[in-house]
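*Asks:* Have a look at the structure that comes next, please.
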Amino acid sequence: MAYLEMQSIYKSFNQVPVLKDVTLELQQGEIHALIGENGAGKSTLMNILGGVHQPDKGLIKLNGQAVEMTSPKKSQEYGISFIHQELNLVSDLRVYENMFLGSEIRNKFGFVNVEEMCRQTTDILTKLGVHINPKEYVRNLGTSYKQLIEISRALLHKSKIIIMDEPTTALSDHEIDRLFDLMRNLKEDCISIIYISHKLKEIKSVCDRLTVLRDGKTVKTGDLESETLDSITHDMVGKSLSEDRMIEHEELGSTVLKVEDLSSPEQFKSINFEIKKGEIVGFTGLAGDGRTELFESLFGYRKNYKGDIYVNGKHVIIDHPKKALKAGIGYVPKDRKENAIIQDLNVIQNMSISSLSHFEKNGFIKGKLEQKKFTYYKDQLNIKVHNPRVTIDKLSGGNQQKVIIAKWLELNTDIIIFDNPTQGIDVGAKQEIYQQIIRLAQQGKAVIVLSSEALEIMKICHSVYVMYQGEISGYFKGEDATEDKIMSYATGSKKEAVPVG
Ligand SMILES: Nc1ncnc2c1ncn2[C@@H]1O[C@H](COP(=O)(O)OP(=O)(O)OP(=O)(O)O)[C@@H](O)[C@H]1O
Ligand SMILES: [Mg+2]
């Protein structure tokens with residue numbers, strides 16, 4: 001008998017059915033992958049298990065006993081911990097306070113025992129290889145730390161079932177390895193993990209079994225051993241996807257962006273590159289390679305850098321995003337929740353917010369025009385949303401990401417930088433994002449794609465720069481890119497001077 005059974009679960013939001021007869025069985029001590037396209041219902045199903053939402057119909061059994069997850073607290077009492085896709089920490093509290101929120105340790109006089117909570121926090125963080133002061137405020141920490149703190153919190157509560165909804169999006173390769181080691185240890189202790197991710201390779205390497213959802217239904221469940229990346233993709237999207245390059249060798253236009261000797265203390269050094277009209281240039285490397293810092297500087301988020309930037313041959317000084325936009329540079333940031341979406345606005349507003357002038361007449365926003373434009377992007381990017389007037393947090397994670405991309409497409413800059421554009425996007429939808437990027441290039445834009453996924457770079461880039469410790473360590477044509485080649489430059493085992501011009 002399975003430890004957890006979710007039987008025939010149904011759930012609708014505003015009369016729109018999202019889960020239609022979903023079944024999930026979880027054994028003790030297994031890592032179970034829950035996969036499916038953006039909007040398939042994975043987070044919703046887990047929200048039901050986590051007591052956040054109530055099912056319209058269906059049964060949940062733990063150890064053979066029917067249970068009702070009437071609230072998140074109840075679910076936690078049943079030994080279930082939920083690490084949410086969109087992180088859930090309180091920024092204005094300290095690390096240890098977040099860890100023990102609602103379950104503070106008190107001494108025999110009833111006072112909170114700060115030192116004991118700090119000690120336990122440090123213990124768990126150390127297991128994950130994280131060294132931060134437990135008294136640090138969460139707001140001062142980077143996203144990867146926040147993700148690790150959420151994971152630590154689940155460990156602290158000695159849960160029987162841990163739900164991880166895309167836990168690795170903000171982690172470096174090294175941190176991911178540690179997390180996987182830890183997950184394997186948890187398994188030994190008979191803890192079960194439900195693991196949601198769009199990174200199929202990760203799933204293959206760490207999970208034991210899988211359940212695939214498509215359009216709110218369970219379409220498959222079984223052992224992962226007998227599956228291949230291709231067979232999983234096929235179950236998820238209903239077809240196989242090609243791994244071939246999506247662009248051909250093309251004649252490129254004049255140089256649009258040229259960067260000379262850009263350096264910033266401890267971030268990046270002596271960066272030289274240029275991009276032509278119609279070109280898609282990839283920047284890749286391992287975490288900490290400096291590429292995000294480099295392009296945040298180029299977009300004016302960071303001021304502490306030296307060097308020269310030319311746009312269409314004209315020297316420009318960029319010390320603020322406004323100046324970058326004026327120079328024709330756009331930047332789709334990574335970490336959707338922290339940098340991009342505006343929670344209180346609806347889906348359409350999130351698309352139009354940065355280019356309101358496009359929709360304005362005599363000081364009024366023309367709702368119809370806005371709506372029409374949104375419909376255009378909805379079709380182009382296949383954004384799944386029933387009613388675009390709901391706040392953006394009602395969309396599935398991957399669909400939020402697509403709205404952010406639409407926002408930047410609408411800004412229509414000549415140069416557009418995508419930082420990790422397919423974060424949280426399912427394998428099928430990735431293809432749509434790639435096509436959109438290629439379309440931009442065909443329209444004559446210069447596109448920069450920052451990505452740690454070699455395959456992504458190999459598929460859509462005309463040329464590739466690899467970075468290592470803040471420097472460009474390799475440069476080659478997209479058609480010459482291989483995973484091995486990228487790795488050898490990214491790890492610093494190979495390095496060569498980059499041809500300029
Ligand atoms: N609170 C809500 N109100 C209205 N609709 C919702 C709500 N929560 C989820 N939905 C809708 O339910 C559907 C399934 O969303 P869910 O977040 O479960 O997808 P997912 O499989 O986790 O996708 P992703 O991989 O993009 O995270 C989506 O169409 C979403 O818009
Ligand atoms: Mg989700």
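Residues are named by chain letter and number: chains run A, B, ... in the order of the structure tokens, numbers start at 1 in each chain, and ligands are numbered from 1 in the order shown.
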Using only C-alpha atoms and all ligand atoms, find each residue with an atom at most 8 Å away from ligand 1 and format the answer as a VMD selection string.

*Replies:* chain A and resid 12 to 14 16 to 19 35 to 46 85 197 to 198 213 216 384 to 386 390 393 to 400 424 to 426

*Asks:* Keeping only N, CA and C atoms, write the selected residues to a file as an mmCIF file, in the first residue's frame.

*Replies:*
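Ended up saving to result.cif:
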data_model
loop_
_atom_site.group_PDB
_atom_site.id
_atom_site.type_symbol
_atom_site.label_atom_id
_atom_site.label_comp_id
_atom_site.auth_asym_id
_atom_site.auth_seq_id
_atom_site.Cartn_x
_atom_site.Cartn_y
_atom_site.Cartn_z
ATOM 1 N N SER A 12 -11.774 23.064 -9.590
ATOM 2 C CA SER A 12 -12.010 24.151 -10.555
ATOM 3 C C SER A 12 -11.754 25.480 -9.874
ATOM 4 N N PHE A 13 -11.318 26.470 -10.657
ATOM 5 C CA PHE A 13 -11.262 27.849 -10.179
ATOM 6 C C PHE A 13 -12.231 28.654 -11.031
ATOM 7 N N ASN A 14 -13.151 29.339 -10.418
ATOM 8 C CA ASN A 14 -14.157 30.120 -11.152
ATOM 9 C C ASN A 14 -14.756 29.337 -12.316
ATOM 10 N N VAL A 16 -13.639 27.096 -13.984
ATOM 11 C CA VAL A 16 -12.718 26.522 -14.969
ATOM 12 C C VAL A 16 -12.058 25.290 -14.348
ATOM 13 N N PRO A 17 -12.321 24.102 -14.898
ATOM 14 C CA PRO A 17 -11.719 22.906 -14.310
ATOM 15 C C PRO A 17 -10.204 22.881 -14.538
ATOM 16 N N VAL A 18 -9.470 22.667 -13.466
ATOM 17 C CA VAL A 18 -8.004 22.630 -13.543
ATOM 18 C C VAL A 18 -7.507 21.203 -13.310
ATOM 19 N N LEU A 19 -8.088 20.540 -12.320
ATOM 20 C CA LEU A 19 -7.771 19.125 -12.105
ATOM 21 C C LEU A 19 -9.027 18.308 -12.392
ATOM 22 N N ILE A 35 5.464 15.736 -13.076
ATOM 23 C CA ILE A 35 5.804 16.580 -14.213
ATOM 24 C C ILE A 35 4.605 16.837 -15.121
ATOM 25 N N GLY A 36 4.772 17.811 -15.986
ATOM 26 C CA GLY A 36 3.695 18.201 -16.881
ATOM 27 C C GLY A 36 3.938 19.609 -17.382
ATOM 28 N N GLU A 37 3.217 19.969 -18.429
ATOM 29 C CA GLU A 37 3.401 21.283 -19.040
ATOM 30 C C GLU A 37 3.017 22.408 -18.087
ATOM 31 N N ASN A 38 3.403 23.641 -18.450
ATOM 32 C CA ASN A 38 2.993 24.811 -17.678
ATOM 33 C C ASN A 38 1.468 24.865 -17.640
ATOM 34 N N GLY A 39 0.943 24.944 -16.438
ATOM 35 C CA GLY A 39 -0.511 25.032 -16.310
ATOM 36 C C GLY A 39 -1.205 23.680 -16.269
ATOM 37 N N ALA A 40 -0.437 22.587 -16.235
ATOM 38 C CA ALA A 40 -1.040 21.248 -16.220
ATOM 39 C C ALA A 40 -1.748 20.961 -14.892
ATOM 40 N N GLY A 41 -1.345 21.669 -13.837
ATOM 41 C CA GLY A 41 -2.026 21.496 -12.547
ATOM 42 C C GLY A 41 -1.133 20.957 -11.435
ATOM 43 N N LYS A 42 0.171 20.946 -11.637
ATOM 44 C CA LYS A 42 1.087 20.369 -10.642
ATOM 45 C C LYS A 42 1.028 21.135 -9.320
ATOM 46 N N SER A 43 1.203 22.460 -9.404
ATOM 47 C CA SER A 43 1.209 23.249 -8.161
ATOM 48 C C SER A 43 -0.159 23.195 -7.498
ATOM 49 N N THR A 44 -1.213 23.181 -8.305
ATOM 50 C CA THR A 44 -2.564 23.108 -7.732
ATOM 51 C C THR A 44 -2.750 21.811 -6.940
ATOM 52 N N LEU A 45 -2.312 20.710 -7.520
ATOM 53 C CA LEU A 45 -2.431 19.422 -6.824
ATOM 54 C C LEU A 45 -1.665 19.457 -5.503
ATOM 55 N N MET A 46 -0.494 20.056 -5.535
ATOM 56 C CA MET A 46 0.311 20.122 -4.314
ATOM 57 C C MET A 46 -0.290 21.106 -3.308
ATOM 58 N N GLN A 85 6.962 27.034 -5.142
ATOM 59 C CA GLN A 85 7.623 27.478 -6.364
ATOM 60 C C GLN A 85 8.022 28.950 -6.243
ATOM 61 N N SER A 197 9.692 19.560 -11.411
ATOM 62 C CA SER A 197 10.727 20.292 -12.138
ATOM 63 C C SER A 197 10.476 20.182 -13.634
ATOM 64 N N HIS A 198 10.998 21.156 -14.374
ATOM 65 C CA HIS A 198 10.963 21.060 -15.833
ATOM 66 C C HIS A 198 12.312 20.599 -16.373
ATOM 67 N N LEU A 213 1.221 14.709 -15.504
ATOM 68 C CA LEU A 213 -0.092 15.327 -15.663
ATOM 69 C C LEU A 213 -0.166 15.990 -17.028
ATOM 70 N N GLY A 216 -4.622 18.568 -16.581
ATOM 71 C CA GLY A 216 -5.377 18.258 -15.369
ATOM 72 C C GLY A 216 -5.738 16.795 -15.185
ATOM 73 N N LYS A 384 -1.211 30.417 -21.232
ATOM 74 C CA LYS A 384 -2.464 29.809 -20.782
ATOM 75 C C LYS A 384 -3.074 30.645 -19.682
ATOM 76 N N VAL A 385 -4.137 31.385 -20.027
ATOM 77 C CA VAL A 385 -4.842 32.162 -19.024
ATOM 78 C C VAL A 385 -6.295 32.252 -19.458
ATOM 79 N N HIS A 386 -7.173 32.011 -18.504
ATOM 80 C CA HIS A 386 -8.581 32.016 -18.858
ATOM 81 C C HIS A 386 -9.122 33.427 -18.905
ATOM 82 N N VAL A 390 -7.365 38.749 -14.180
ATOM 83 C CA VAL A 390 -7.049 38.310 -12.812
ATOM 84 C C VAL A 390 -5.618 38.722 -12.491
ATOM 85 N N ASP A 393 -0.586 36.536 -10.114
ATOM 86 C CA ASP A 393 -0.216 35.393 -9.273
ATOM 87 C C ASP A 393 -1.169 34.204 -9.440
ATOM 88 N N LYS A 394 -2.274 34.402 -10.138
ATOM 89 C CA LYS A 394 -3.194 33.278 -10.381
ATOM 90 C C LYS A 394 -2.713 32.405 -11.545
ATOM 91 N N LEU A 395 -1.735 32.901 -12.281
ATOM 92 C CA LEU A 395 -1.212 32.106 -13.395
ATOM 93 C C LEU A 395 -0.200 31.089 -12.888
ATOM 94 N N SER A 396 -0.035 30.002 -13.629
ATOM 95 C CA SER A 396 1.008 29.045 -13.263
ATOM 96 C C SER A 396 2.362 29.730 -13.476
ATOM 97 N N GLY A 397 3.383 29.226 -12.781
ATOM 98 C CA GLY A 397 4.700 29.867 -12.808
ATOM 99 C C GLY A 397 5.221 30.106 -14.219
ATOM 100 N N GLY A 398 5.139 29.089 -15.045
ATOM 101 C CA GLY A 398 5.668 29.205 -16.405
ATOM 102 C C GLY A 398 4.912 30.231 -17.225
ATOM 103 N N ASN A 399 3.634 30.338 -16.987
ATOM 104 C CA ASN A 399 2.842 31.317 -17.739
ATOM 105 C C ASN A 399 3.121 32.744 -17.274
ATOM 106 N N GLN A 400 3.461 32.912 -16.006
ATOM 107 C CA GLN A 400 3.888 34.236 -15.537
ATOM 108 C C GLN A 400 5.148 34.665 -16.297
ATOM 109 N N GLY A 424 11.678 27.735 -15.552
ATOM 110 C CA GLY A 424 10.332 27.297 -15.191
ATOM 111 C C GLY A 424 9.410 27.046 -16.372
ATOM 112 N N ILE A 425 9.972 27.014 -17.572
ATOM 113 C CA ILE A 425 9.154 26.810 -18.771
ATOM 114 C C ILE A 425 9.249 25.342 -19.177
ATOM 115 N N ASP A 426 8.107 24.747 -19.545
ATOM 116 C CA ASP A 426 8.139 23.320 -19.873
ATOM 117 C C ASP A 426 8.817 23.064 -21.221
#

*Asks:* Return as a PyMOL selection string the full set of residues in range 42-234 of chain A whose backbone-based DSSP assignment is helix (DSSP H, G or I).

*Replies:* chain A and resi 42-49+72-77+95-99+114-127+138-140+143-156+173-188+200-206+229-234

*Asks:* Which residues are close to Leu156 in chain A, i.e. within 12 Å by only C-alpha atoms, leaving aside same-chain residues fewer than 2 positions away? Reply as a PyMOL selection string.

*Replies:* chain A and resi 76+79-81+96+98-101+103-104+117+119-125+127+149-154+158-160+162

*Asks:* Could you check which of A:Ser354, A:Ser451, A:Gln423, A:Asn140 is closest to ligand 2, using only C-alpha atoms and all ligand atoms?

*Replies:*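 For ligand 2, the nearest of the given residues is A:Gln423.
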
*Asks:* May I ask which of the residues A:Gly29, A:Gly288, A:Pro167, A:Gly278 is the closest one to ligand 2, counting only C-alpha atoms and all ligand atoms?

*Replies:*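 Closest residue, counting only C-alpha atoms and all ligand atoms: A:Pro167.
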
*Asks:* Mind checking DSSP for range 138-297 of chain A and telling me the strand (DSSP E) residues as a PyMOL selection string?

*Replies:* chain A and resi 161-165+192-196+209-214+217-223+255-264+268-276+280-285

*Asks:* Which of these, A:Gln401, A:Leu128, A:Gly313, A:Lys373, has the shortest distance to ligand 2 once you count only C-alpha atoms and all ligand atoms?

*Replies:*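 So, comparing all the options, the nearest one is A:Gln401.
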
*Asks:* Provide the CA of Ser240 in chain A to CA of Arg214 in chain A distance in Å, to one decimal place.

*Replies:*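 Here the two named atoms are 14.9 Å from each other.
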
*Asks:* I'd like the neighbourhood of Leu286 in chain A as a list in words, where a residue qualifies if any of its atoms comes within 10 Å (using only C-alpha atoms), though same-chain residues fewer than 5 positions away should be ignored.

*Replies:*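 The residues that qualify are Ser172, Asp173, His174, Arg291, Ser451, Ser452, Glu453, Val466, Met467, Tyr468, Gln469, Ile486, Met487, Tyr489, Ala490 and Thr491 of chain A.
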
*Asks:* Put those residues in a file: C-alpha atoms, as a PDB file, in the first residue's frame.

*Replies:*
ATOM      1  CA  SER A 172      24.134  26.768  -8.786  1.00  0.00           C
ATOM      2  CA  ASP A 173      25.276  23.372 -10.072  1.00  0.00           C
ATOM      3  CA  HIS A 174      27.235  22.879  -6.903  1.00  0.00           C
ATOM      4  CA  ARG A 291      27.562  37.028 -16.747  1.00  0.00           C
ATOM      5  CA  SER A 451      21.801  30.618 -20.113  1.00  0.00           C
ATOM      6  CA  SER A 452      23.449  27.793 -18.268  1.00  0.00           C
ATOM      7  CA  GLU A 453      21.799  25.220 -20.486  1.00  0.00           C
ATOM      8  CA  VAL A 466      31.732  31.190 -22.420  1.00  0.00           C
ATOM      9  CA  MET A 467      32.636  32.909 -19.180  1.00  0.00           C
ATOM     10  CA  TYR A 468      34.785  31.708 -16.326  1.00  0.00           C
ATOM     11  CA  GLN A 469      35.403  33.700 -13.143  1.00  0.00           C
ATOM     12  CA  ILE A 486      31.249  24.613 -23.449  1.00  0.00           C
ATOM     13  CA  MET A 487      32.115  22.707 -20.274  1.00  0.00           C
ATOM     14  CA  TYR A 489      35.811  26.600 -21.131  1.00  0.00           C
ATOM     15  CA  ALA A 490      33.224  27.043 -18.379  1.00  0.00           C
ATOM     16  CA  THR A 491      35.291  25.110 -15.842  1.00  0.00           C
TER      17      THR A 491
END

*Asks:* Separation of CA of Val95 in chain A and CA of Asn133 in chain A, in Å?

*Replies:* 7.8 Å

*Asks:* I want to know what sits within 12 Å of Asp261 in chain A, based on only C-alpha atoms, with residues of the same chain fewer than 4 positions away left out; could you give that as a list of chain:residue names?

*Replies:* A:Phe268, A:Lys269, A:Ser270, A:Ile271, A:Asn272, A:Phe273, A:Glu274, A:Leu294, A:Tyr305, A:Lys306, A:Gly307, A:Asp308, A:Ile309, A:Tyr310, A:Glu471, A:Ile472, A:Val500

*Asks:* Got a sec: who's within 8 Å of Ala33 in chain A, counting only C-alpha atoms, leaving out chain neighbours fewer than 5 positions off, as a VMD selection string?

*Replies:* chain A and resid 194 to 197 203 207 to 211

*Asks:* Using only C-alpha atoms, which protein or nucleic acid residues come within 8 Å of Lys459 in chain A? Drop anything in the same chain fewer than 4 positions from it, and give the result as a compact mmCIF listing (two decimals) with C-alpha atoms, in the first residue's frame.

*Replies:*
# COMPACT_ATOMS: atom_id res chain seq x y z
CA GLU A 243 17.12 18.58 -30.48
CA ASP A 244 18.38 20.07 -33.73
CA ARG A 245 19.62 23.58 -34.19
CA MET A 246 16.77 25.91 -34.99
CA ILE A 247 18.68 28.54 -36.95
CA LEU A 455 21.44 22.71 -25.35
CA GLY A 478 27.01 28.34 -32.58

*Asks:* In terms of the shortest atom-to-atom distance over only C-alpha atoms, which of A:Ser357, A:Asp414, A:Lys477, A:Gln435 is closest to Gln380 in chain A?

*Replies:*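 So, comparing all the options, the nearest one is A:Gln435.
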
*Asks:* Taking only C-alpha atoms and all ligand atoms into account, which of A:Val212, A:His84, A:Leu59, A:Glu5 comes nearest ligand 2?

*Replies:* A:His84

*Asks:* Given only C-alpha atoms and all ligand atoms as the basis, pick out the residue of A:Ile83, A:Val447, A:Val67, A:Ser254 nearest to ligand 2.

*Replies:*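 Under the stated criterion, the closest residue is A:Ile83.
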
*Asks:* Go ahead and compute the interatomic distance for CA of Glu293 in chain A and CA of Ile317 in chain A, in Å to one decimal.

*Replies:*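 These atoms are spaced 16.8 Å apart.
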